[in-house]
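Dumped model-v9.cif below, it's mmCIF, C-alpha atoms:
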data_entry
loop_
_atom_site.label_atom_id
_atom_site.label_comp_id
_atom_site.auth_asym_id
_atom_site.auth_seq_id
_atom_site.Cartn_x
_atom_site.Cartn_y
_atom_site.Cartn_z
CA MET A 231 11.76 -6.29 29.75
CA ASN A 232 15.39 -7.33 30.07
CA ASP A 233 17.69 -4.91 28.20
CA GLU A 234 20.62 -7.35 28.37
CA ASN A 235 19.20 -9.43 25.54
CA GLU A 236 17.96 -6.62 23.36
CA THR A 237 19.24 -6.84 19.80
CA LEU A 238 21.05 -3.83 18.41
CA ARG A 239 19.36 -2.73 15.21
CA TRP A 240 21.52 -1.11 12.57
CA PRO A 241 20.29 0.34 9.34
CA THR A 242 21.08 -1.94 6.41
CA ASN A 243 19.60 0.31 3.78
CA LEU A 244 22.11 3.16 3.74
CA ASP A 245 22.57 4.64 0.29
CA HIS A 246 25.85 5.89 -1.20
CA ALA A 247 25.51 9.37 0.31
CA ALA A 248 24.73 8.03 3.79
CA ILE A 249 27.68 5.63 3.62
CA VAL A 250 30.02 8.44 2.64
CA GLU A 251 28.60 10.63 5.42
CA ARG A 252 29.36 7.96 8.03
CA LEU A 253 32.86 7.47 6.65
CA VAL A 254 33.55 11.20 6.81
CA ARG A 255 32.33 11.13 10.42
CA ALA A 256 34.58 8.13 11.19
CA ARG A 257 37.54 9.93 9.57
CA ALA A 258 36.93 13.01 11.76
CA MET A 259 36.64 10.83 14.86
CA ALA A 260 39.92 9.11 13.96
CA ALA A 261 41.67 12.43 13.48
CA GLU A 262 40.34 13.73 16.82
CA ALA A 263 41.58 10.54 18.52
CA GLY A 264 45.06 10.99 17.06
CA LEU A 265 44.71 8.03 14.71
CA ALA A 266 46.36 9.67 11.73
CA GLU A 267 46.90 6.38 9.88
CA LEU A 268 43.23 5.47 10.11
CA ALA A 269 42.15 8.96 9.07
CA ALA A 270 44.48 8.69 6.06
CA ARG A 271 42.91 5.36 5.08
CA LEU A 272 39.55 7.12 4.82
CA GLU A 273 40.81 10.11 2.82
CA GLY A 274 38.99 10.79 -0.41
CA VAL A 275 35.90 8.68 0.28
CA GLU A 276 33.81 11.52 -1.07
CA THR A 277 35.17 11.13 -4.60
CA VAL A 278 36.45 7.58 -5.10
CA PRO A 279 34.53 4.82 -6.94
CA SER A 280 32.31 2.49 -4.92
CA ALA A 281 34.73 -0.43 -5.18
CA GLU A 282 37.48 1.67 -3.66
CA ILE A 283 35.18 2.72 -0.81
CA GLY A 284 34.70 -0.96 -0.02
CA SER A 285 38.46 -1.53 0.00
CA LYS A 286 38.98 1.46 2.28
CA VAL A 287 36.33 0.24 4.74
CA ILE A 288 37.74 -3.28 4.94
CA GLY A 289 41.27 -1.93 5.34
CA ALA A 290 40.17 0.46 8.06
CA LEU A 291 38.30 -2.28 9.94
CA THR A 292 41.31 -4.57 9.71
CA TRP A 293 43.56 -1.82 11.04
CA ILE A 294 41.33 -0.84 13.98
CA GLN A 295 40.32 -4.32 15.12
CA GLU A 296 43.33 -4.46 17.46
CA LYS A 297 42.29 -1.23 19.16
CA PRO A 298 39.20 -1.95 21.29
CA GLU A 299 39.50 1.43 23.01
CA HIS A 300 38.11 3.04 19.83
CA LEU A 301 34.76 1.26 19.83
CA ALA A 302 32.80 4.26 18.51
CA ILE A 303 34.91 4.38 15.35
CA THR A 304 34.80 0.61 14.93
CA THR A 305 31.01 0.72 15.25
CA GLN A 306 30.72 3.34 12.50
CA LEU A 307 32.94 1.29 10.20
CA ALA A 308 31.08 -1.95 10.95
CA MET A 309 27.76 -0.27 10.18
CA VAL A 310 29.13 0.92 6.85
CA ALA A 311 30.53 -2.55 6.10
CA MET A 312 27.06 -4.03 6.53
CA ASN A 313 25.81 -1.60 3.89
CA LEU A 314 28.54 -1.98 1.27
CA LYS A 315 26.16 -4.05 -0.85
CA ASN A 316 24.12 -0.87 -1.37
CA LEU A 317 26.91 1.04 -3.08
CA LYS A 318 26.20 1.81 -6.70
#

Could the structure of this file be written out as structure tokens, please?
Amino acid sequence: MNDENETLRWPTNLDHAAIVERLVRARAMAAEAGLAELAARLEGVETVPSAEIGSKVIGALTWIQEKPEHLAITTQLAMVAMNLKNLK
């Protein structure tokens, strides 16, 4: 089997708690990487309404898209973005 063509499978059924958990993880990763602005964009995700979580995720993805050296954080945010439809 050729691994080059294997499709990456991401969960698309994350619930609100799982989305928040990934955002908290992304915020910690950003802080550890010295990306204070990105970490600040993700502040308060534990308590804000779902619509605001969506805005924070899109803003964070927009901010980090010019920084390919932070792929792990971008991946976490992209996975969350694919699940925003599940927020209630």

Check: Quick one: which residues end up in the PyMOL selection byres ((chain A and resi 244) around 12) for this structure, as a list of chain:residue names?
Finding: A:Trp240, A:Pro241, A:Thr242, A:Asn243, A:Asp245, A:His246, A:Ala247, A:Ala248, A:Ile249, A:Val250, A:Glu251, A:Arg252, A:Leu253, A:Met309, A:Val310, A:Ala311, A:Met312, A:Asn313, A:Leu314, A:Lys315, A:Asn316, A:Leu317, A:Lys318

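Minimum distance to Ala290 in chain A across A:Ala258, A:Val278, A:Ala269, A:Ala263 (counting all atoms listed in the file) occurs at A:Ala269.
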
Next item on the list: Go through the shown structure with the PyMOL selection byres ((chain A and resi 303) around 10) and write out the matching residues as a ChimeraX atom specification.
Entry: /A:252-253,255-260,263,268,290-291,294,298-302,304-309

Same residues, C-alpha atoms, output as a PDB file, keeping the file's coordinate frame:
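Result file is again.pdb:
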ATOM      1  CA  ARG A 252      29.360   7.960   8.030  1.00  0.00           C
ATOM      2  CA  LEU A 253      32.860   7.470   6.650  1.00  0.00           C
ATOM      3  CA  ARG A 255      32.330  11.130  10.420  1.00  0.00           C
ATOM      4  CA  ALA A 256      34.580   8.130  11.190  1.00  0.00           C
ATOM      5  CA  ARG A 257      37.540   9.930   9.570  1.00  0.00           C
ATOM      6  CA  ALA A 258      36.930  13.010  11.760  1.00  0.00           C
ATOM      7  CA  MET A 259      36.640  10.830  14.860  1.00  0.00           C
ATOM      8  CA  ALA A 260      39.920   9.110  13.960  1.00  0.00           C
ATOM      9  CA  ALA A 263      41.580  10.540  18.520  1.00  0.00           C
ATOM     10  CA  LEU A 268      43.230   5.470  10.110  1.00  0.00           C
ATOM     11  CA  ALA A 290      40.170   0.460   8.060  1.00  0.00           C
ATOM     12  CA  LEU A 291      38.300  -2.280   9.940  1.00  0.00           C
ATOM     13  CA  ILE A 294      41.330  -0.840  13.980  1.00  0.00           C
ATOM     14  CA  PRO A 298      39.200  -1.950  21.290  1.00  0.00           C
ATOM     15  CA  GLU A 299      39.500   1.430  23.010  1.00  0.00           C
ATOM     16  CA  HIS A 300      38.110   3.040  19.830  1.00  0.00           C
ATOM     17  CA  LEU A 301      34.760   1.260  19.830  1.00  0.00           C
ATOM     18  CA  ALA A 302      32.800   4.260  18.510  1.00  0.00           C
ATOM     19  CA  THR A 304      34.800   0.610  14.930  1.00  0.00           C
ATOM     20  CA  THR A 305      31.010   0.720  15.250  1.00  0.00           C
ATOM     21  CA  GLN A 306      30.720   3.340  12.500  1.00  0.00           C
ATOM     22  CA  LEU A 307      32.940   1.290  10.200  1.00  0.00           C
ATOM     23  CA  ALA A 308      31.080  -1.950  10.950  1.00  0.00           C
ATOM     24  CA  MET A 309      27.760  -0.270  10.180  1.00  0.00           C
TER      25      MET A 309
END

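CA of Arg239 in chain A is positioned 28.9 Å from CA of Thr277 in chain A.
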
Give the centre and edge lengths of an axis-aligned box, in Å to one decimal, that holds all listed atoms of range 281-297 of chain A with 8 Å on each side, as lines of an AutoDock Vina configuration file.
center_x = 39.1
center_y = -0.9
center_z = 7.0
size_x = 24.9
size_y = 23.3
size_z = 40.3

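Between CA of Arg271 in chain A and CA of Ile288 in chain A the separation is 10.1 Å.
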
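Reported to one decimal place, the separation of CA of Leu272 in chain A from CA of Lys286 in chain A is 6.2 Å.
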
Since the input has fewer atoms than a full residue there, write range 305-316 of chain A out with all heavy atoms, as an mmCIF file, in the frame of the given file.
data_model
loop_
_atom_site.group_PDB
_atom_site.id
_atom_site.type_symbol
_atom_site.label_atom_id
_atom_site.label_comp_id
_atom_site.auth_asym_id
_atom_site.auth_seq_id
_atom_site.Cartn_x
_atom_site.Cartn_y
_atom_site.Cartn_z
ATOM 1 N N THR A 305 32.449 0.880 15.463
ATOM 2 C CA THR A 305 31.010 0.720 15.250
ATOM 3 C C THR A 305 30.575 1.417 13.962
ATOM 4 O O THR A 305 29.801 0.859 13.180
ATOM 5 C CB THR A 305 30.234 1.267 16.461
ATOM 6 O OG1 THR A 305 30.644 0.543 17.622
ATOM 7 C CG2 THR A 305 28.741 1.120 16.269
ATOM 8 N N GLN A 306 31.054 2.628 13.743
ATOM 9 C CA GLN A 306 30.720 3.340 12.500
ATOM 10 C C GLN A 306 31.176 2.552 11.280
ATOM 11 O O GLN A 306 30.433 2.397 10.314
ATOM 12 C CB GLN A 306 31.371 4.725 12.483
ATOM 13 C CG GLN A 306 30.743 5.728 13.401
ATOM 14 C CD GLN A 306 29.335 6.096 12.982
ATOM 15 O OE1 GLN A 306 29.027 6.263 11.809
ATOM 16 N NE2 GLN A 306 28.456 6.212 13.962
ATOM 17 N N LEU A 307 32.400 2.049 11.335
ATOM 18 C CA LEU A 307 32.940 1.290 10.200
ATOM 19 C C LEU A 307 32.181 -0.017 9.983
ATOM 20 O O LEU A 307 31.915 -0.406 8.846
ATOM 21 C CB LEU A 307 34.427 1.022 10.412
ATOM 22 C CG LEU A 307 35.323 2.264 10.372
ATOM 23 C CD1 LEU A 307 36.730 1.907 10.826
ATOM 24 C CD2 LEU A 307 35.331 2.876 8.989
ATOM 25 N N ALA A 308 31.824 -0.690 11.066
ATOM 26 C CA ALA A 308 31.080 -1.950 10.950
ATOM 27 C C ALA A 308 29.696 -1.705 10.342
ATOM 28 O O ALA A 308 29.219 -2.496 9.516
ATOM 29 C CB ALA A 308 30.952 -2.619 12.311
ATOM 30 N N MET A 309 29.070 -0.596 10.736
ATOM 31 C CA MET A 309 27.760 -0.270 10.180
ATOM 32 C C MET A 309 27.867 -0.020 8.680
ATOM 33 O O MET A 309 27.036 -0.485 7.897
ATOM 34 C CB MET A 309 27.189 0.960 10.883
ATOM 35 C CG MET A 309 25.746 1.227 10.529
ATOM 36 S SD MET A 309 25.067 2.640 11.416
ATOM 37 C CE MET A 309 25.384 2.212 13.107
ATOM 38 N N VAL A 310 28.913 0.682 8.278
ATOM 39 C CA VAL A 310 29.130 0.920 6.850
ATOM 40 C C VAL A 310 29.392 -0.406 6.136
ATOM 41 O O VAL A 310 28.844 -0.651 5.052
ATOM 42 C CB VAL A 310 30.302 1.903 6.629
ATOM 43 C CG1 VAL A 310 30.731 1.919 5.181
ATOM 44 C CG2 VAL A 310 29.898 3.301 7.086
ATOM 45 N N ALA A 311 30.210 -1.264 6.725
ATOM 46 C CA ALA A 311 30.530 -2.550 6.100
ATOM 47 C C ALA A 311 29.272 -3.365 5.829
ATOM 48 O O ALA A 311 29.163 -4.020 4.788
ATOM 49 C CB ALA A 311 31.503 -3.339 6.973
ATOM 50 N N MET A 312 28.317 -3.304 6.733
ATOM 51 C CA MET A 312 27.060 -4.030 6.530
ATOM 52 C C MET A 312 26.241 -3.472 5.383
ATOM 53 O O MET A 312 25.334 -4.133 4.877
ATOM 54 C CB MET A 312 26.224 -3.992 7.813
ATOM 55 C CG MET A 312 26.808 -4.829 8.929
ATOM 56 S SD MET A 312 25.853 -4.721 10.450
ATOM 57 C CE MET A 312 24.215 -5.152 9.904
ATOM 58 N N ASN A 313 26.562 -2.264 4.960
ATOM 59 C CA ASN A 313 25.810 -1.600 3.890
ATOM 60 C C ASN A 313 26.561 -1.518 2.565
ATOM 61 O O ASN A 313 26.057 -0.923 1.616
ATOM 62 C CB ASN A 313 25.419 -0.200 4.350
ATOM 63 C CG ASN A 313 24.239 -0.206 5.288
ATOM 64 O OD1 ASN A 313 23.106 -0.227 4.857
ATOM 65 N ND2 ASN A 313 24.519 -0.222 6.591
ATOM 66 N N LEU A 314 27.748 -2.088 2.486
ATOM 67 C CA LEU A 314 28.540 -1.980 1.270
ATOM 68 C C LEU A 314 27.809 -2.525 0.039
ATOM 69 O O LEU A 314 28.003 -2.037 -1.070
ATOM 70 C CB LEU A 314 29.891 -2.693 1.431
ATOM 71 C CG LEU A 314 30.887 -1.988 2.345
ATOM 72 C CD1 LEU A 314 32.140 -2.841 2.513
ATOM 73 C CD2 LEU A 314 31.230 -0.596 1.836
ATOM 74 N N LYS A 315 26.928 -3.481 0.264
ATOM 75 C CA LYS A 315 26.160 -4.050 -0.850
ATOM 76 C C LYS A 315 25.273 -3.013 -1.527
ATOM 77 O O LYS A 315 24.856 -3.197 -2.671
ATOM 78 C CB LYS A 315 25.320 -5.231 -0.360
ATOM 79 C CG LYS A 315 24.216 -4.810 0.606
ATOM 80 C CD LYS A 315 23.488 -5.986 1.201
ATOM 81 C CE LYS A 315 22.367 -5.597 2.109
ATOM 82 N NZ LYS A 315 22.645 -4.624 3.145
ATOM 83 N N ASN A 316 24.994 -1.912 -0.831
ATOM 84 C CA ASN A 316 24.120 -0.870 -1.370
ATOM 85 C C ASN A 316 24.855 0.149 -2.225
ATOM 86 O O ASN A 316 24.208 1.003 -2.834
ATOM 87 C CB ASN A 316 23.417 -0.132 -0.230
ATOM 88 C CG ASN A 316 22.563 -1.061 0.612
ATOM 89 O OD1 ASN A 316 22.109 -2.083 0.144
ATOM 90 N ND2 ASN A 316 22.378 -0.714 1.858
#
